[in-house]
Amino acid sequence: MFSHFYQKNIIEKPKIIFVILLLCIIGFGFFAKDFRLDASSETLLIEGDPDLEYLREVSKRYNSKEFLVLTYSPNKEIVSDESINNLLSLKYKIQSLGWVHNVITILDIPLLNSTDKTLTERLQNFSTLKSDGIDKKRGFNEILNSPVFRNFVISEDGKTSGIIVNLKKNEIPINLEDKNEIENFKDNLKKKNHQNIIEIRKIIKSYENVAKIHLGGIPMIADDMMSFIKNDIVIFGIGVLIFILATLWFVFKKIVWIVVPISSCFVSVIIMLGLLGLLGWKVTVISSNFIALMLILTMAMNIHMSTRFLQLTKEKPNLGKKEIILQTTNKMFWPIFYTVLTTICAFLSLVFSEIKPIIDFGWMMTLGLIVSFLVTFSLLPTLISFVKDVSVNINENRNSIFTNLLGNFAINNRGLIFIFSIAIFFISIFGISRLEVENSFINYFSKNTEIYKGMKLIDEKLGGTTPLEVIIKFPKKDEKNEEEDEWGETESESDESKYWFTKDKIDKIDKVHRYLDSLPAVGKVLSFSSIIQVAKSLNDDKPLGSLEMGVLYSKIPETIRKEIVDPYISIQDSEARVNLRIKDSEEGLRRNELIKQIKYDLENKIGLKKEEYRLAGVLILFNNLLQSLFKSQILTLGFVMIGIFIMFLILFKNIKLSLIGVIPNFIAAFFILGIIGISNIPLDMMTITIAAITIGIAVDNSIHYIYRFKEEFKKINDYKLTLKKCHSTVGVAILNTSITIVFGFSILVLSNFIPTIYFGVFTGIAMLLAMISVLTLLPALLLVFKPFGNK
C-alpha cells in the first residue's frame with residue numbers, strides 16, 4: 001500500500017515534488033523573517049511558579065526599579081579631587097542618557113554625621129561628598145562605616161565603588177491587548193536595551209584610563225545572552241555544516257552525494273525557521289543549538305538512505321534507477337520512521353521538566369524531526385532522480401576495517417564485553433548517586449565574559465549578587481484596630497504613619513536583620529533596621545522611641561525617604577522588607593539548605609509564625625528551578641525508557657529482541673550521568689537533557705542494526721555470518737553517522753554558556769560510547785540469546 005502510494009506520488013512525479021518543495025522554501029523562507037530570540041529572565045524559570053508572581057507583587061509594592069550596576073575602581077584614591085571629578089563626570093554623562101531615571105554614586109550619599117549642624121538641619125539640608133566645604137575624608141569614613149552604604153556603594157577596603165543606574169520604566173501600554181502587538185512591543189524593548197548597553201559601554205570605555213570599570217545587572221546580562229545565542233546559532237550551524245561536508249566527502253568523494261544530503265539539511269532548516277516565525281516560538285539559550293541538532297539528525301537520515309541506495313545500486317546493477325529508489329525507500333522507511341519516533345520520544349520527555357525553555361526545546365525539536373523526516377523522503381529521491389550518473393564506489397573497505405574489528409571482537413570476546421558492561425553499569429550507578437543540582441549562576445559563564453567579571457567583583461566587593469527578600473508581616477488595622485505598644489502609646493487610625501513604628505515591630509525587624517547578617521553566605525543586608533542604626537548614631541547612640549521614629553519619618557525629605565526608607569517598609573500593607581544578597585560564588589554554598597535553614601531559624605530562633613513571614617527573590621526562583629531538575633531527570637528518563645521499549649516491541653514484536661536493542665543505549669546514558677556525578681559537575685538546564693536525548697538519538701543505531709540483521713538473517717541463517725555482513729554494511733553507516741554526530745556536538749564547546757559546553761562534550765562522549773556498544777555489546781547479546789531462533 002505504502003509502496004504503491006509512494007511510487008505513484010513521489011518517485012513518478014519528481015518535477016511536481018520539486019516545485020512543491022521550492023514553494024515551501026519560498027513560503028516558509030518569508031516567515032523566517034519573524035524568527036525571534038529571547039534571553040529574558042523569564043526563560044530561566046519554572047512555568048507558572050507562584051513565587052514569581054509574589055516577587056512581582058513585592059517589586060511593585062516597594063517600587064523596585066530595573067537597574068544596571070557599575071563597579072568603579074579608580075587608579076587613585078576615591079576621595080582624591082581627580083577621582084571625584086572623574087566620577088562626577090561619569091555620573092553626568094550616564095545621567096544624560098534618555099533612558100536613565102537617575103544615577104546613585106558615592107557622591108550622592110547623604111552625609112548626616114559629617115557636620116556639626118542640628119539633626120533637623122542635617123536632614124533638611126544634607127551635604128554630600130561633592131558639596132563645597134565638606135571634609136571629604138570625614139565624609140568618606142562615614143559612608144565606609146555606614147550600616148546602609150558599606151558593601152553597597154563602597155567596598156570594605158574603600159577601593160571599589162558601586163554606581164547604581166536606575167532605568168526608566170517601560171511598562172506594556174494598557175491599550176495593547178493583541179498578542180502580536182505585545183510581542184512586537186517587547187521585541188522593540190530588547191532592541192532598545194541593546195542600544196542602551198552599547199551607549200553605556202561606549203561611555204565606560206572613555207574612562208578606562210582613569211579607572212577599572214565593570215558593567216553588571218539583569219538588563220546587561222539579558223543583552224549579552226542575546227549576543228551569545230546569536231553567536232552560538234551562527235557558529236554551531238557553520239561548524240556542524242563544515243563537519244558534515246568533511247564527512248560526506250570522506251564517505252562518498254563525489255560532489256553529487258554532498259549536494260543531495262546538504263540540500264535536505266538546508267530545506268529542513270529553512271522550513272523550520274519559517275514555522276518558528278509563524279508560530280511565534282522564540283529560541284532561548286537552551287534551544288540555541290536546535291539548528292545544529294537538526295543538521296546532525298537530518299544528515300544521519302540522509303547518510304543511511306544514501307548509503308543503502310548505493311549499496312543496492314552495486315548489488316543490483318540490472319535494476320533501473322527508479323526501482324532502486326523504490327527499494328531503498330521501502331527498506332529504509334520503517335527503520336528511519338521508528339528512529340524518528342524514538343528521538344521524538346526523547347525530546348517529548350522534556351515537557352515533563354516544568355521549565356519553560358526546556359519544554360519549548362522539546363516541542364521545537366519534535367517539530368524539527370517531523371520536518372526533517374518528510375523532507376528526507378521527498379527531496380532526496382527527487383534529487384537522485386534528476387542526476388544522471390549516481391554511481392559511486394563507497395569507501396567501505398577502509399571504514400569496514402574498524403567495524404569488522406569490532407565485529408570480530410564481539411564474536412570472540414563476549415564474556416569480556418559482558419564483564420566490562422556490568423562494571424560500567426555499577427560505576428554508573430555509583431556516579432548517579434552522587435549527582436546534585438547545586439549550581440551557581442555566575443559559573444554558567446566563561447571567566448573572560450563581562451557577565452562573569454562584573455558579577456564576581458560585585459559578589460566579592462559589593463555585598464553579593466543573588467537577591468533574597470524576607471517579608472515580615474504585621475497585624476493590620478482590620479485585624480487589630482488598636483495596638484498598644486510597650487511604651488503605652490496607641491496607634492491612631494487618623495495618623496497611621498506617625499504611630500505605626502511600635503517597639504514590637506522594630507524589634508522583630510532588627511532581630512531578623514541581625515540573624516541574616518550573621519550567615520556566612522549572606523553579603524549585604526538592608527532593612528529599616530539599617531536606618532534605625534543610622535538614626536541612633538545621630539541621636540548620641542540613644543535608642544529612638546516609637547513617637548520619635550514617627551516624627552523622624554514625617555520630617556525626612558521625600559527624596560531621602562523614597563530612596564532609603566520606603567523600599568523597606570510598607571505602612572499601608574503593615575509589613576517590612578529585609579533585602580539581602582547571597583554571595584553566589586561562595587565555596588560550598590547550598591542554596592536549598594540555606595533557604596530551609598533561614599525558614600527554620602525564623603520560626604525557632606526569632607519566634608515568627610509561618611504566616612508572619614515569606615521569602616521571595618531571585619534566589620527562591622533559581623532554587624525552585626534547580627530542585628525541579630532532579631524530578632525532571634527521573635520523569636524524562638523514565639518516559640524515554642518506557643516509550644522506547646514499547647516502540648521496540650511494536651517494531652520487532654519480540655520482548656527478547658526489544659530488551660537486547662535498548663540495553664546498550666541505556667548503559668551509555670547511565671554511564672554519562674555517572675561520569676557527570678563522579679566529576680562533581682552539578683546538573684543544570686542543559687545537562688539535565690543529556691541522558692534522555694542520548695538514548696533517543698543513540699537508539700537509532702540499534703534500530704538500523706537490528707532491522708538490517710533481521711533482513712540479512714533470513715537470507716544467511718547464520719548468526720556469525722550475518723553479524724559480519726551487517727558490520728560491513730549498516731555498521732559502516734552507523735560509524736559514519738555517529739562520527740558526524742560526535743563531531744557535530746563537539747562544536748558546542750565554542751559557546752560562551754558553560755552548560756551548553758557541558759551538553760556538547762557529554763552528549764558527544766555518550767554518542768561515541770553508544771556507537772561502540774551497538775557494534776560490540778548488541779551483537780554479543782544477539783549471539784548469546786539468539787532472538788531469531790537457534791540456527
# chains A, B, ... in the order shown; residues from 1 in each chain; ligands from 1
>>> residues_around(residues="region 184-198 of chain A", least_positions_apart="2", cutoff="8 Å", atoms="only C-alpha atoms", output="MDAnalysis selection string")
chainID A and resid 99 170 172 180:182 200:202 219:220 223
>>> residues_around(residues="Ser537 (chain A)", least_positions_apart="3", cutoff="12 Å", atoms="only C-alpha atoms", output="ChimeraX atom specification")
/A:112-114,119,142,145-147,530-534,540-544
>>> residues_around(residues="Ile271 (chain A)", least_positions_apart="2", cutoff="7 Å", atoms="only C-alpha atoms", output="VMD selection string")
chain A and resid 25 28 to 29 267 to 269 273 to 275
>>> closest_residue(among="A:His214, A:Lys254, A:Arg514, A:Arg56", to="Lys605 (chain A)", atoms="only C-alpha atoms")
A:Arg514
>>> closest_residue(among="A:Glu354, A:Arg708, A:Ser400, A:Asn175", to="Thr722 (chain A)", atoms="only C-alpha atoms")
A:Arg708
>>> residues_around(residues="Pro682 (chain A)", least_positions_apart="3", cutoff="9 Å", atoms="only C-alpha atoms", output="compact mmCIF listing (two decimals) with N, CA, C and O atoms, in the first residue's frame")
# COMPACT_ATOMS: atom_id res chain seq x y z
N LEU A 435 25.02 12.56 41.98
CA LEU A 435 24.52 13.71 41.23
C LEU A 435 23.89 14.73 42.17
O LEU A 435 23.22 14.38 43.14
N GLU A 436 24.12 16.00 41.87
CA GLU A 436 23.49 17.06 42.65
C GLU A 436 23.11 18.20 41.71
O GLU A 436 23.58 18.28 40.58
N VAL A 437 22.24 19.09 42.21
CA VAL A 437 21.77 20.19 41.38
C VAL A 437 22.29 21.54 41.85
O VAL A 437 21.98 22.56 41.25
N GLU A 438 23.07 21.54 42.93
CA GLU A 438 23.59 22.82 43.42
C GLU A 438 24.44 23.47 42.33
O GLU A 438 25.38 22.86 41.84
N ASN A 439 24.08 24.66 41.98
CA ASN A 439 24.77 25.31 40.89
C ASN A 439 24.85 26.80 41.15
O ASN A 439 24.07 27.35 41.92
N ILE A 676 29.21 12.43 34.99
CA ILE A 676 28.86 13.77 35.50
C ILE A 676 28.86 13.78 37.02
O ILE A 676 29.37 14.71 37.65
N GLY A 677 28.29 12.71 37.61
CA GLY A 677 28.24 12.62 39.07
C GLY A 677 29.61 12.45 39.69
O GLY A 677 29.96 13.14 40.66
N SER A 679 32.43 13.32 38.42
CA SER A 679 33.21 14.55 38.17
C SER A 679 32.74 15.73 39.02
O SER A 679 33.29 16.83 38.91
N THR A 687 22.53 19.95 31.02
CA THR A 687 22.98 18.58 31.32
C THR A 687 21.80 17.68 31.71
O THR A 687 21.89 16.46 31.57
>>> select_by_dssp(residues="region 13-226 of chain A", states="helix (DSSP H, G or I)", output="NGL selection string")
:A and (14-34 or 41-44 or 50-61 or 81-95 or 106-108 or 119-124 or 136-144 or 179-205 or 218-226)
>>> write_last_selection(atoms="C-alpha atoms", output="compact mmCIF listing (two decimals), in the first residue's frame")
# COMPACT_ATOMS: atom_id res chain seq x y z
CA PRO A 14 9.85 14.27 -9.20
CA LYS A 15 9.29 17.60 -11.01
CA ILE A 16 5.99 18.26 -9.23
CA ILE A 17 7.53 17.33 -5.85
CA PHE A 18 10.49 19.61 -6.57
CA VAL A 19 8.17 22.55 -7.38
CA ILE A 20 6.14 21.91 -4.21
CA LEU A 21 9.31 21.88 -2.10
CA LEU A 22 10.53 25.04 -3.84
CA LEU A 23 7.26 26.79 -2.98
CA CYS A 24 7.66 25.58 0.63
CA ILE A 25 11.15 27.10 0.76
CA ILE A 26 9.85 30.42 -0.58
CA GLY A 27 6.78 30.45 1.69
CA PHE A 28 8.49 29.40 4.91
CA GLY A 29 11.53 31.49 3.99
CA PHE A 30 9.22 34.53 4.04
CA PHE A 31 8.03 33.72 7.58
CA ALA A 32 11.63 33.08 8.69
CA LYS A 33 11.94 36.88 8.99
CA ASP A 34 9.69 36.60 12.08
CA SER A 41 14.95 36.15 32.86
CA GLU A 42 11.52 34.50 32.42
CA THR A 43 13.16 31.96 30.08
CA LEU A 44 15.10 30.54 33.04
CA PRO A 50 3.76 31.17 42.25
CA ASP A 51 6.96 32.58 43.75
CA LEU A 52 7.46 34.56 40.53
CA GLU A 53 4.04 36.20 40.89
CA TYR A 54 4.76 37.04 44.52
CA LEU A 55 8.14 38.57 43.61
CA ARG A 56 6.43 40.78 41.01
CA GLU A 57 3.91 41.84 43.65
CA VAL A 58 6.69 42.71 46.13
CA SER A 59 8.68 44.60 43.46
CA LYS A 60 5.62 46.69 42.59
CA ARG A 61 4.78 47.38 46.22
CA ASP A 81 39.94 65.52 43.75
CA GLU A 82 40.83 63.81 40.46
CA SER A 83 38.83 60.65 41.27
CA ILE A 84 35.83 62.66 42.45
CA ASN A 85 35.88 64.82 39.32
CA ASN A 86 36.14 61.76 37.07
CA LEU A 87 33.31 60.01 38.93
CA LEU A 88 31.16 63.15 38.76
CA SER A 89 31.84 63.45 35.02
CA LEU A 90 30.96 59.76 34.50
CA LYS A 91 27.75 60.18 36.52
CA TYR A 92 26.59 63.20 34.50
CA LYS A 93 27.35 61.52 31.17
CA ILE A 94 25.32 58.44 32.16
CA GLN A 95 22.59 60.64 33.69
CA ILE A 106 29.11 57.57 46.49
CA LEU A 107 28.91 61.31 45.73
CA ASP A 108 25.11 61.32 46.25
CA LEU A 119 19.74 66.83 63.34
CA THR A 120 16.80 68.69 61.74
CA GLU A 121 19.17 70.88 59.72
CA ARG A 122 21.16 67.84 58.62
CA LEU A 123 18.02 66.11 57.39
CA GLN A 124 16.56 69.13 55.62
CA LYS A 136 35.92 64.65 52.30
CA LYS A 137 37.98 62.28 54.49
CA ARG A 138 35.44 62.51 57.30
CA GLY A 139 32.53 62.11 54.87
CA PHE A 140 34.15 59.13 53.15
CA ASN A 141 34.74 57.41 56.51
CA GLU A 142 31.09 57.98 57.42
CA ILE A 143 29.96 56.21 54.23
CA LEU A 144 32.59 53.49 54.69
CA LYS A 179 -0.68 39.23 21.50
CA ASN A 180 1.32 40.18 18.38
CA GLU A 181 1.32 43.86 19.38
CA ILE A 182 2.59 42.95 22.86
CA GLU A 183 5.32 40.72 21.39
CA ASN A 184 6.35 43.49 18.98
CA PHE A 185 6.49 45.93 21.91
CA LYS A 186 8.75 43.51 23.84
CA ASP A 187 10.96 42.98 20.78
CA ASN A 188 11.37 46.75 20.41
CA LEU A 189 12.30 46.96 24.10
CA LYS A 190 15.02 44.34 23.56
CA LYS A 191 16.40 46.28 20.59
CA LYS A 192 16.29 49.47 22.65
CA ASN A 193 18.02 47.72 25.56
CA HIS A 194 20.75 46.53 23.18
CA GLN A 195 21.35 50.09 22.01
CA ASN A 196 21.32 51.28 25.64
CA ILE A 197 24.03 48.78 26.60
CA ILE A 198 26.13 49.84 23.60
CA GLU A 199 25.75 53.51 24.66
CA ILE A 200 26.77 52.98 28.28
CA ARG A 201 29.69 50.74 27.30
CA LYS A 202 30.92 53.47 24.98
CA ILE A 203 30.89 55.92 27.91
CA ILE A 204 32.64 53.38 30.19
CA LYS A 205 35.33 52.80 27.56
CA ILE A 218 19.99 41.97 34.62
CA PRO A 219 19.48 44.21 31.50
CA MET A 220 23.17 43.77 30.63
CA ILE A 221 23.07 40.01 31.27
CA ALA A 222 19.92 39.67 29.11
CA ASP A 223 21.54 41.63 26.27
CA ASP A 224 24.83 39.70 26.45
CA MET A 225 22.93 36.42 26.47
CA MET A 226 21.09 37.53 23.31
>>> closest_residue(among="A:Ile244, A:Ile401, A:Leu37, A:Val640", to="Thr284 (chain A)", atoms="only C-alpha atoms")
A:Leu37
>>> closest_residue(among="A:Val730, A:Ile235, A:Ile765, A:Ile270", to="Met332 (chain A)", atoms="only C-alpha atoms")
A:Val730
>>> residues_around(residues="Glu66 (chain A)", least_positions_apart="5", cutoff="9 Å", atoms="only C-alpha atoms", output="list in words")
Val165, Asn166, Leu167, Lys168, Lys169, Gly217, Ile218 and Pro219 of chain A
>>> closest_residue(among="A:His704, A:Lys253, A:Lys65, A:Arg36", to="Ile229 (chain A)", atoms="only C-alpha atoms")
A:Arg36
>>> residues_around(residues="Thr636 (chain A)", least_positions_apart="2", cutoff="8 Å", atoms="only C-alpha atoms", output="list in words")
Ala346, Ser349, Leu350, Phe352, Ser353, Ser632, Gln633, Ile634, Gly638, Phe639, Val640 and Ala692 of chain A
>>> write_last_selection(atoms="all heavy atoms", output="PDB file, in the first residue's frame")
ATOM      1  N   ALA A 346      12.291  11.001  22.947  1.00  0.00           N
ATOM      2  CA  ALA A 346      13.305  11.578  23.838  1.00  0.00           C
ATOM      3  C   ALA A 346      13.061  13.070  24.050  1.00  0.00           C
ATOM      4  O   ALA A 346      13.079  13.556  25.177  1.00  0.00           O
ATOM      5  CB  ALA A 346      14.692  11.356  23.248  1.00  0.00           C
ATOM      6  N   SER A 349       9.938  13.931  26.058  1.00  0.00           N
ATOM      7  CA  SER A 349      10.072  13.694  27.502  1.00  0.00           C
ATOM      8  C   SER A 349      10.439  14.975  28.237  1.00  0.00           C
ATOM      9  O   SER A 349      10.202  15.111  29.442  1.00  0.00           O
ATOM     10  CB  SER A 349      11.135  12.622  27.765  1.00  0.00           C
ATOM     11  OG  SER A 349      12.435  13.125  27.502  1.00  0.00           O
ATOM     12  N   LEU A 350      11.025  15.953  27.523  1.00  0.00           N
ATOM     13  CA  LEU A 350      11.453  17.207  28.151  1.00  0.00           C
ATOM     14  C   LEU A 350      10.272  18.057  28.605  1.00  0.00           C
ATOM     15  O   LEU A 350      10.448  18.971  29.406  1.00  0.00           O
ATOM     16  CB  LEU A 350      12.331  18.011  27.185  1.00  0.00           C
ATOM     17  CG  LEU A 350      13.593  17.307  26.645  1.00  0.00           C
ATOM     18  CD1 LEU A 350      14.370  18.239  25.737  1.00  0.00           C
ATOM     19  CD2 LEU A 350      14.478  16.809  27.779  1.00  0.00           C
ATOM     20  N   PHE A 352       8.093  17.230  30.586  1.00  0.00           N
ATOM     21  CA  PHE A 352       7.838  16.947  31.997  1.00  0.00           C
ATOM     22  C   PHE A 352       8.688  17.812  32.927  1.00  0.00           C
ATOM     23  O   PHE A 352       8.538  17.754  34.142  1.00  0.00           O
ATOM     24  CB  PHE A 352       8.123  15.472  32.315  1.00  0.00           C
ATOM     25  CG  PHE A 352       7.147  14.521  31.694  1.00  0.00           C
ATOM     26  CD1 PHE A 352       7.530  13.699  30.650  1.00  0.00           C
ATOM     27  CD2 PHE A 352       5.834  14.460  32.138  1.00  0.00           C
ATOM     28  CE1 PHE A 352       6.638  12.820  30.060  1.00  0.00           C
ATOM     29  CE2 PHE A 352       4.929  13.583  31.557  1.00  0.00           C
ATOM     30  CZ  PHE A 352       5.328  12.768  30.517  1.00  0.00           C
ATOM     31  N   SER A 353       9.581  18.597  32.360  1.00  0.00           N
ATOM     32  CA  SER A 353      10.558  19.306  33.188  1.00  0.00           C
ATOM     33  C   SER A 353       9.988  20.476  33.971  1.00  0.00           C
ATOM     34  O   SER A 353      10.572  20.918  34.940  1.00  0.00           O
ATOM     35  CB  SER A 353      11.702  19.821  32.312  1.00  0.00           C
ATOM     36  OG  SER A 353      11.233  20.872  31.493  1.00  0.00           O
ATOM     37  N   SER A 632      12.714  16.253  37.204  1.00  0.00           N
ATOM     38  CA  SER A 632      12.696  16.223  35.741  1.00  0.00           C
ATOM     39  C   SER A 632      13.538  15.075  35.212  1.00  0.00           C
ATOM     40  O   SER A 632      13.157  14.395  34.265  1.00  0.00           O
ATOM     41  CB  SER A 632      13.240  17.535  35.175  1.00  0.00           C
ATOM     42  OG  SER A 632      12.449  18.613  35.580  1.00  0.00           O
ATOM     43  N   GLN A 633      14.720  14.872  35.827  1.00  0.00           N
ATOM     44  CA  GLN A 633      15.626  13.816  35.375  1.00  0.00           C
ATOM     45  C   GLN A 633      14.948  12.461  35.458  1.00  0.00           C
ATOM     46  O   GLN A 633      15.016  11.658  34.529  1.00  0.00           O
ATOM     47  CB  GLN A 633      16.891  13.817  36.231  1.00  0.00           C
ATOM     48  CG  GLN A 633      17.922  12.790  35.814  1.00  0.00           C
ATOM     49  CD  GLN A 633      18.565  13.138  34.493  1.00  0.00           C
ATOM     50  OE1 GLN A 633      19.492  13.911  34.425  1.00  0.00           O
ATOM     51  NE2 GLN A 633      18.069  12.575  33.411  1.00  0.00           N
ATOM     52  N   ILE A 634      14.275  12.199  36.568  1.00  0.00           N
ATOM     53  CA  ILE A 634      13.608  10.913  36.773  1.00  0.00           C
ATOM     54  C   ILE A 634      12.460  10.749  35.779  1.00  0.00           C
ATOM     55  O   ILE A 634      12.316   9.706  35.135  1.00  0.00           O
ATOM     56  CB  ILE A 634      13.094  10.800  38.227  1.00  0.00           C
ATOM     57  CG1 ILE A 634      14.287  10.796  39.200  1.00  0.00           C
ATOM     58  CG2 ILE A 634      12.252   9.549  38.415  1.00  0.00           C
ATOM     59  CD1 ILE A 634      13.918  11.041  40.638  1.00  0.00           C
ATOM     60  N   GLY A 638      12.602   8.170  32.721  1.00  0.00           N
ATOM     61  CA  GLY A 638      11.598   7.107  32.827  1.00  0.00           C
ATOM     62  C   GLY A 638      10.692   7.059  31.608  1.00  0.00           C
ATOM     63  O   GLY A 638      10.423   5.989  31.045  1.00  0.00           O
ATOM     64  N   PHE A 639      10.244   8.241  31.163  1.00  0.00           N
ATOM     65  CA  PHE A 639       9.372   8.332  29.989  1.00  0.00           C
ATOM     66  C   PHE A 639      10.073   7.786  28.748  1.00  0.00           C
ATOM     67  O   PHE A 639       9.498   7.024  27.969  1.00  0.00           O
ATOM     68  CB  PHE A 639       8.965   9.796  29.772  1.00  0.00           C
ATOM     69  CG  PHE A 639       8.092  10.028  28.566  1.00  0.00           C
ATOM     70  CD1 PHE A 639       6.723   9.887  28.648  1.00  0.00           C
ATOM     71  CD2 PHE A 639       8.655  10.376  27.338  1.00  0.00           C
ATOM     72  CE1 PHE A 639       5.911  10.101  27.532  1.00  0.00           C
ATOM     73  CE2 PHE A 639       7.869  10.582  26.225  1.00  0.00           C
ATOM     74  CZ  PHE A 639       6.485  10.445  26.323  1.00  0.00           C
ATOM     75  N   VAL A 640      11.321   8.190  28.563  1.00  0.00           N
ATOM     76  CA  VAL A 640      12.085   7.759  27.384  1.00  0.00           C
ATOM     77  C   VAL A 640      12.292   6.250  27.397  1.00  0.00           C
ATOM     78  O   VAL A 640      12.088   5.569  26.379  1.00  0.00           O
ATOM     79  CB  VAL A 640      13.451   8.481  27.320  1.00  0.00           C
ATOM     80  CG1 VAL A 640      14.346   7.857  26.281  1.00  0.00           C
ATOM     81  CG2 VAL A 640      13.249   9.938  26.982  1.00  0.00           C
ATOM     82  N   ALA A 692      18.263  11.640  28.354  1.00  0.00           N
ATOM     83  CA  ALA A 692      17.096  11.353  27.518  1.00  0.00           C
ATOM     84  C   ALA A 692      17.424  11.508  26.042  1.00  0.00           C
ATOM     85  O   ALA A 692      17.069  10.660  25.213  1.00  0.00           O
ATOM     86  CB  ALA A 692      15.942  12.276  27.905  1.00  0.00           C
TER      87      ALA A 692
END
